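Shown below: run.cif, with mmCIF, C-alpha atoms.
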data_start
loop_
_atom_site.label_atom_id
_atom_site.label_comp_id
_atom_site.auth_asym_id
_atom_site.auth_seq_id
_atom_site.Cartn_x
_atom_site.Cartn_y
_atom_site.Cartn_z
CA MET A 1 0.00 0.00 0.00
CA LEU A 2 2.87 2.37 0.82
CA LYS A 3 4.19 1.94 -2.70
CA TYR A 4 0.81 2.90 -4.15
CA ILE A 5 0.79 6.04 -2.05
CA GLN A 6 4.35 6.87 -3.04
CA ASP A 7 3.41 6.36 -6.67
CA GLY A 8 0.65 8.93 -6.26
CA TYR A 9 -2.39 6.69 -6.67
CA SER A 10 -5.67 8.08 -5.42
CA GLU A 11 -7.53 6.51 -2.47
CA ASP A 12 -10.18 5.08 -4.81
CA THR A 13 -7.54 3.51 -7.06
CA ILE A 14 -5.69 2.06 -4.08
CA SER A 15 -8.91 0.51 -2.78
CA LEU A 16 -9.30 -1.25 -6.13
CA LEU A 17 -5.68 -2.39 -6.43
CA LEU A 18 -5.09 -3.46 -2.83
CA PRO A 19 -7.30 -6.61 -2.85
CA GLU A 20 -5.18 -7.97 -5.69
CA THR A 21 -1.94 -7.93 -3.73
CA PRO A 22 -0.56 -11.22 -2.32
CA GLU A 23 -0.40 -9.73 1.17
CA TYR A 24 -4.05 -8.74 1.14
CA LYS A 25 -5.16 -12.12 -0.22
CA GLN A 26 -3.20 -13.94 2.45
CA ARG A 27 -4.50 -11.77 5.29
CA PHE A 28 -8.13 -12.12 4.20
CA SER A 29 -7.78 -15.55 2.62
CA ALA A 30 -11.23 -16.75 3.65
CA ASN A 31 -12.77 -14.29 1.20
CA GLN A 32 -11.51 -16.32 -1.74
CA THR A 33 -13.29 -19.42 -0.46
CA ARG A 34 -16.42 -17.42 0.28
CA GLN A 35 -16.46 -16.01 -3.23
CA LYS A 36 -16.14 -19.47 -4.81
CA ALA A 37 -19.01 -20.68 -2.60
CA GLY A 38 -21.23 -17.83 -3.71
CA LEU A 39 -21.01 -15.99 -0.39
CA SER A 40 -20.44 -12.26 -0.06
CA VAL A 41 -16.88 -11.02 0.18
CA LEU A 42 -16.31 -9.31 3.51
CA THR A 43 -14.75 -5.90 3.82
CA PRO A 44 -11.60 -5.71 5.93
CA ALA A 45 -13.64 -4.09 8.72
CA GLU A 46 -16.24 -6.89 8.64
CA TYR A 47 -13.53 -9.53 8.50
CA LEU A 48 -11.62 -8.08 11.45
CA SER A 49 -14.83 -7.65 13.42
CA LEU A 50 -15.65 -11.34 13.01
CA GLU A 51 -12.17 -12.33 14.17
CA SER A 52 -12.54 -10.10 17.19
CA SER A 53 -15.90 -11.67 18.09
CA TYR A 54 -14.47 -15.19 17.81
CA ARG A 55 -11.47 -14.24 19.90
CA GLN A 56 -13.63 -12.75 22.64
CA LEU A 57 -15.72 -15.94 22.80
CA MET A 58 -12.60 -18.11 23.12
CA SER A 59 -11.20 -15.87 25.83
CA ALA A 60 -14.48 -15.81 27.76
CA ALA A 61 -14.54 -19.63 27.69
CA GLY A 62 -11.08 -19.69 29.26
CA LEU A 63 -9.42 -21.43 26.33
CA PRO A 64 -5.61 -21.70 26.59
CA VAL A 65 -3.16 -19.40 24.85
CA GLY A 66 -2.30 -20.81 21.44
CA PHE A 67 -5.79 -22.11 20.78
CA TYR A 68 -7.76 -19.93 18.38
CA ASP A 69 -5.92 -16.68 18.90
CA SER A 70 -4.36 -15.89 15.52
CA PRO A 71 -6.01 -14.84 12.23
CA SER A 72 -5.31 -18.17 10.54
CA ASP A 73 -7.25 -19.94 13.30
CA PHE A 74 -10.48 -18.32 12.16
CA THR A 75 -10.10 -18.79 8.41
CA SER A 76 -12.26 -21.89 8.14
CA TRP A 77 -15.02 -20.36 10.24
CA ILE A 78 -15.12 -17.18 8.18
CA ALA A 79 -14.91 -19.15 4.95
CA GLY A 80 -17.80 -21.32 6.08
CA ASP A 81 -19.87 -18.34 7.17
CA VAL A 82 -19.96 -19.57 10.76
CA SER A 83 -21.53 -16.87 12.91
CA PRO A 84 -20.29 -15.91 16.38
CA THR A 85 -23.62 -17.20 17.70
CA GLU A 86 -22.90 -20.65 16.29
CA VAL A 87 -19.37 -20.58 17.74
CA ALA A 88 -20.84 -19.67 21.13
CA GLN A 89 -23.14 -22.69 20.88
CA ARG A 90 -20.18 -24.92 20.03
CA VAL A 91 -18.33 -23.66 23.08
CA LYS A 92 -21.37 -24.34 25.25
CA THR A 93 -21.71 -27.85 23.84
CA ALA A 94 -18.01 -28.48 24.48
CA THR A 95 -18.35 -27.15 28.03
CA ASP A 96 -21.35 -29.39 28.69
CA LEU A 97 -19.35 -32.37 27.38
CA VAL A 98 -16.46 -31.54 29.68
CA ASN A 99 -18.80 -31.17 32.65
CA SER A 100 -20.19 -34.66 32.06
CA ALA A 101 -16.75 -36.30 32.13
CA ASP A 102 -15.82 -38.82 34.79
CA GLN A 103 -15.37 -36.93 38.08
CA ALA A 104 -11.99 -38.48 38.89
CA THR A 105 -10.72 -37.48 35.46
CA LYS A 106 -12.05 -33.93 35.84
CA ASP A 107 -10.58 -33.59 39.31
CA TYR A 108 -7.17 -34.78 38.19
CA PHE A 109 -7.24 -32.61 35.07
CA GLN A 110 -8.18 -29.48 36.97
CA ARG A 111 -5.50 -30.22 39.55
CA TYR A 112 -2.74 -29.76 36.98
CA TYR A 113 -4.37 -28.08 33.98
CA SER A 114 -7.22 -25.63 33.38
CA HIS A 115 -10.92 -25.88 32.61
CA GLY A 116 -10.18 -23.98 29.42
CA ASP A 117 -7.79 -26.73 28.34
CA MET A 118 -10.58 -29.27 28.72
CA VAL A 119 -13.04 -27.17 26.73
CA ALA A 120 -10.46 -26.63 24.00
CA TYR A 121 -9.94 -30.37 23.67
CA ALA A 122 -13.65 -31.08 23.48
CA LEU A 123 -14.29 -28.20 21.08
CA ASP A 124 -11.88 -29.31 18.38
CA GLN A 125 -9.81 -32.39 19.10
CA SER A 126 -7.88 -32.26 15.82
CA LYS A 127 -6.71 -28.70 16.43
CA ALA A 128 -6.25 -29.03 20.15
CA ALA A 129 -4.21 -32.22 19.90
CA PRO A 130 -0.76 -30.58 20.05
CA LEU A 131 -1.81 -28.56 23.08
CA ILE A 132 -4.36 -30.62 24.94
CA ALA A 133 -4.59 -34.27 23.88
CA GLN A 134 -1.64 -35.37 26.00
CA GLN A 135 -3.08 -33.57 29.00
CA ALA A 136 -6.47 -35.22 28.50
CA ALA A 137 -4.87 -38.66 28.27
CA ALA A 138 -2.80 -37.98 31.38
CA ALA A 139 -5.90 -36.84 33.27
CA ALA A 140 -7.65 -40.11 32.44
CA VAL A 141 -4.66 -42.13 33.69
CA GLY A 142 -4.32 -39.94 36.78
CA GLY A 143 -8.01 -40.28 37.50
CA ALA A 144 -7.68 -44.06 37.40
CA ALA A 145 -4.82 -43.89 39.91
CA THR A 146 -6.85 -41.64 42.20
CA LYS A 147 -9.77 -44.07 42.16
CA GLN A 148 -7.44 -46.73 43.55
CA GLY A 149 -6.15 -44.40 46.26
CA ILE A 150 -2.74 -44.10 44.65
CA ASN A 151 -1.05 -40.70 44.60
CA VAL A 152 1.30 -40.41 41.62
CA GLY A 153 3.18 -37.33 40.41
CA ILE A 154 2.13 -35.64 37.19
CA GLY A 155 5.46 -36.47 35.54
CA THR A 156 4.91 -40.21 35.93
CA ILE A 157 1.29 -39.91 34.83
CA GLU A 158 2.25 -37.99 31.68
CA ASP A 159 4.94 -40.57 30.90
CA LEU A 160 2.34 -43.35 31.11
CA ALA A 161 0.01 -41.40 28.84
CA LYS A 162 2.82 -40.94 26.33
CA GLN A 163 3.33 -44.71 26.36
CA GLY A 164 -0.26 -45.05 25.20
CA ILE A 165 -1.69 -46.39 28.47
CA THR A 166 -5.47 -46.04 28.29
CA ALA A 167 -7.86 -45.26 31.12
CA ASN A 168 -9.01 -48.89 31.23
CA GLN A 169 -5.46 -50.20 31.29
CA ALA A 170 -4.59 -47.70 34.01
CA GLN A 171 -7.61 -48.78 36.04
CA THR A 172 -6.54 -52.43 35.88
CA GLY A 173 -2.87 -51.69 36.50
CA PHE A 174 -3.38 -49.38 39.45
CA GLY A 175 -5.90 -51.85 40.86
CA PHE A 176 -3.17 -54.48 40.88
CA ILE A 177 -0.71 -52.07 42.49
CA ALA A 178 -3.20 -51.08 45.19
CA SER A 179 -3.82 -54.69 46.13
CA GLU A 180 -0.22 -55.87 45.85
CA GLN A 181 1.85 -53.11 47.43
CA PRO A 182 0.74 -53.46 51.09
CA ASN A 183 1.45 -57.19 51.18
CA ALA A 184 4.73 -56.87 49.27
CA ASN A 185 6.02 -54.21 51.66
CA LYS A 186 4.86 -56.16 54.70
CA LEU A 187 6.92 -59.13 53.52
CA ALA A 188 9.87 -56.86 52.70
CA SER A 189 9.79 -55.55 56.27
CA ILE A 190 9.59 -59.06 57.74
CA TYR A 191 12.55 -60.33 55.73
CA GLY A 192 14.67 -57.20 56.02
CA GLN A 193 14.37 -56.23 52.36
CA PRO A 194 13.93 -52.70 50.92
CA SER A 195 10.28 -51.87 50.39
CA LEU A 196 8.76 -51.63 46.93
CA SER A 197 7.78 -48.07 46.07
CA THR A 198 4.77 -47.12 44.00
CA GLU A 199 7.19 -46.16 41.22
CA ASP A 200 8.75 -49.65 41.40
CA LEU A 201 5.38 -51.31 40.96
CA ILE A 202 4.41 -48.91 38.19
CA SER A 203 7.62 -49.88 36.37
CA GLU A 204 6.72 -53.54 36.73
CA THR A 205 3.04 -53.20 35.88
CA PHE A 206 3.24 -50.83 32.94
CA GLY A 207 6.85 -51.20 31.89
CA SER A 208 7.51 -54.89 32.48
CA ASP A 209 10.39 -54.25 34.88
CA SER A 210 11.54 -57.83 35.43
CA ALA A 211 13.80 -56.90 38.38
CA VAL A 212 10.88 -55.56 40.41
CA GLY A 213 8.73 -58.53 39.47
CA GLU A 214 11.45 -60.94 40.48
CA LYS A 215 11.92 -59.25 43.83
CA ARG A 216 8.19 -59.40 44.54
CA LYS A 217 8.06 -63.09 43.59
CA ASN A 218 11.07 -63.88 45.78
CA LEU A 219 9.38 -62.28 48.77
CA ALA A 220 6.28 -64.35 48.14
CA SER A 221 8.43 -67.48 47.82
CA GLN A 222 10.12 -66.74 51.16
CA GLU A 223 6.73 -66.36 52.78
CA ARG A 224 5.53 -69.67 51.38
CA ALA A 225 8.71 -71.42 52.46
CA THR A 226 8.42 -69.99 55.97
CA PHE A 227 4.76 -70.91 56.20
CA ASN A 228 5.34 -74.43 54.87
CA GLY A 229 8.25 -74.89 57.25
CA SER A 230 6.13 -73.83 60.21
CA SER A 231 3.37 -76.17 59.11
CA ALA A 232 5.76 -79.09 58.79
CA ALA A 233 7.19 -78.40 62.24
CA GLY A 234 3.71 -78.25 63.68
CA LYS A 235 2.78 -81.58 62.16
CA THR A 236 5.97 -83.23 63.45
CA SER A 237 5.36 -81.88 66.92
CA LEU A 238 1.78 -83.10 66.85
CA ASN A 239 2.84 -86.57 65.74
CA ARG A 240 5.42 -86.77 68.53
CA GLU A 241 2.89 -85.75 71.14
CA THR A 242 0.44 -88.30 69.87
CA ALA A 243 3.04 -91.00 69.79
CA GLY A 244 4.14 -90.22 73.33
CA GLN A 245 0.57 -90.42 74.67
CA ILE A 246 -0.01 -93.75 73.03
#
Give the structure from the file, written as C-alpha cells.
Amino acid sequence: MLKYIQDGYSEDTISLLLPETPEYKQRFSANQTRQKAGLSVLTPAEYLSLESSYRQLMSAAGLPVGFYDSPSDFTSWIAGDVSPTEVAQRVKTATDLVNSADQATKDYFQRYYSHGDMVAYALDQSKAAPLIAQQAAAAAVGGAATKQGINVGIGTIEDLAKQGITANQAQTGFGFIASEQPNANKLASIYGQPSLSTEDLISETFGSDSAVGEKRKNLASQERATFNGSSAAGKTSLNRETAGQI
C-alpha cells in the first residue's frame, strides 16, 4: 500500500488495487473461499470484526493461549460463514461435554491443567491435539490412579500417557498395584528387604520391569517357604505328642 501512495495513486484507485496484492489475499484468505461458494466477500472491517468476536468468545470460555488466537485460526469459520452465535453454541456444547466427564478425570485434570484446556480439547480435538490431547490422556490415567487411592506425580502420569496407556489399562494396572503393594512391603519388612515403592510397581506393571517382578516373587516365595516350614514343624510336633501319649 505504501508503494501505491508513493506512486501517487488516489484513495479510490488504491482501494481497487489493494485486494489484488498477495499480502491482502493472504490476510483475508477466507474471502476467496467465500467467493467461490457464492457468499459475499467481507470488507476488511467486517472480516476483522468477526475475528474479534471469535477471539472474545474463546477468551471468555477460558481457552488456553495458542488455541484460536491468531487470524489463521479463524479462516475456516469465516470461509464457512460460521456466525459468532454458532461458535458460542459450540463452546457451550463443548463445556457441557467436559462437565459430564468422569469426576476423577475432571478432578485430576483441573488439579494440573485448566478448565479452558478441557473445553479446547472437546471443542476441536484435531486442532487441540498438540496442546491438549496429551493432557487429557494424562488426566484419564491420573483419574484411574486416584480411584485406587494411589497418589502419583504428574510427571509419571504424563509418561504413562505418552506410552499409550489407556484409562481402562490404568484402572486395571493401578488396581493391581493397590492390592499388591501393602502385602509386598509387609513381607519386605519381615525379611529385612527394601520396600517396593509405587514407582517400582508402576515400572513392573506398565513397563515390564523384570527386576521388580522378580523381587516381589522372591518375597512371596520366602513367605511360602516360611509358612510351609512352620506347618511341617507343627505336624511333626503333633505326631510326637500323639506317639508319646499312646
Please report the interatomic distance between atom CA of Gly143 of chain A and atom CA of Tyr108 of chain A in Å with one decimal.
5.6 Å
Kindly resolve the PyMOL selection byres ((chain A and resi 39) around 12) on the present coordinates and return the residues as a VMD selection string.
chain A and resid 30 to 38 40 to 42 78 to 82
Here atom CA of Ser70 of chain A and atom CA of Ser49 of chain A stand apart by 13.5 Å
Please, what distance in Å, to one decimal, runs between atom CA of Lys162 of chain A and atom CA of Gly207 of chain A?
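Separation between atom CA of Lys162 of chain A and atom CA of Gly207 of chain A: 12.3 Å.
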Report as a CSV table (one decimal) with C-alpha atoms, in the frame of the given file the full result of the PyMOL selection byres ((chain A and resi 155) around 12) when it is applied to this structure.
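The result, stored in result-v1.csv:
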chain,number,residue,atom,x,y,z
A,112,TYR,CA,-2.7,-29.8,37.0
A,134,GLN,CA,-1.6,-35.4,26.0
A,135,GLN,CA,-3.1,-33.6,29.0
A,138,ALA,CA,-2.8,-38.0,31.4
A,139,ALA,CA,-5.9,-36.8,33.3
A,141,VAL,CA,-4.7,-42.1,33.7
A,142,GLY,CA,-4.3,-39.9,36.8
A,151,ASN,CA,-1.0,-40.7,44.6
A,152,VAL,CA,1.3,-40.4,41.6
A,153,GLY,CA,3.2,-37.3,40.4
A,154,ILE,CA,2.1,-35.6,37.2
A,156,THR,CA,4.9,-40.2,35.9
A,157,ILE,CA,1.3,-39.9,34.8
A,158,GLU,CA,2.2,-38.0,31.7
A,159,ASP,CA,4.9,-40.6,30.9
A,160,LEU,CA,2.3,-43.4,31.1
A,161,ALA,CA,0.0,-41.4,28.8
A,162,LYS,CA,2.8,-40.9,26.3
A,199,GLU,CA,7.2,-46.2,41.2
Skipping near chain neighbours, those fewer than 3 positions away, what residues fall within 10 Å of Gly149 of chain A using only C-alpha atoms, listed as a list in words?
Gly143, Ala144, Ala145, Thr146, Val152, Phe174, Gly175 and Ala178 of chain A
Distance criterion (all atoms listed in the file): nearest to Thr43 of chain A out of A:Ser189, A:Tyr24, A:Gln56, A:Ser100:
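Closest candidate: A:Tyr24.
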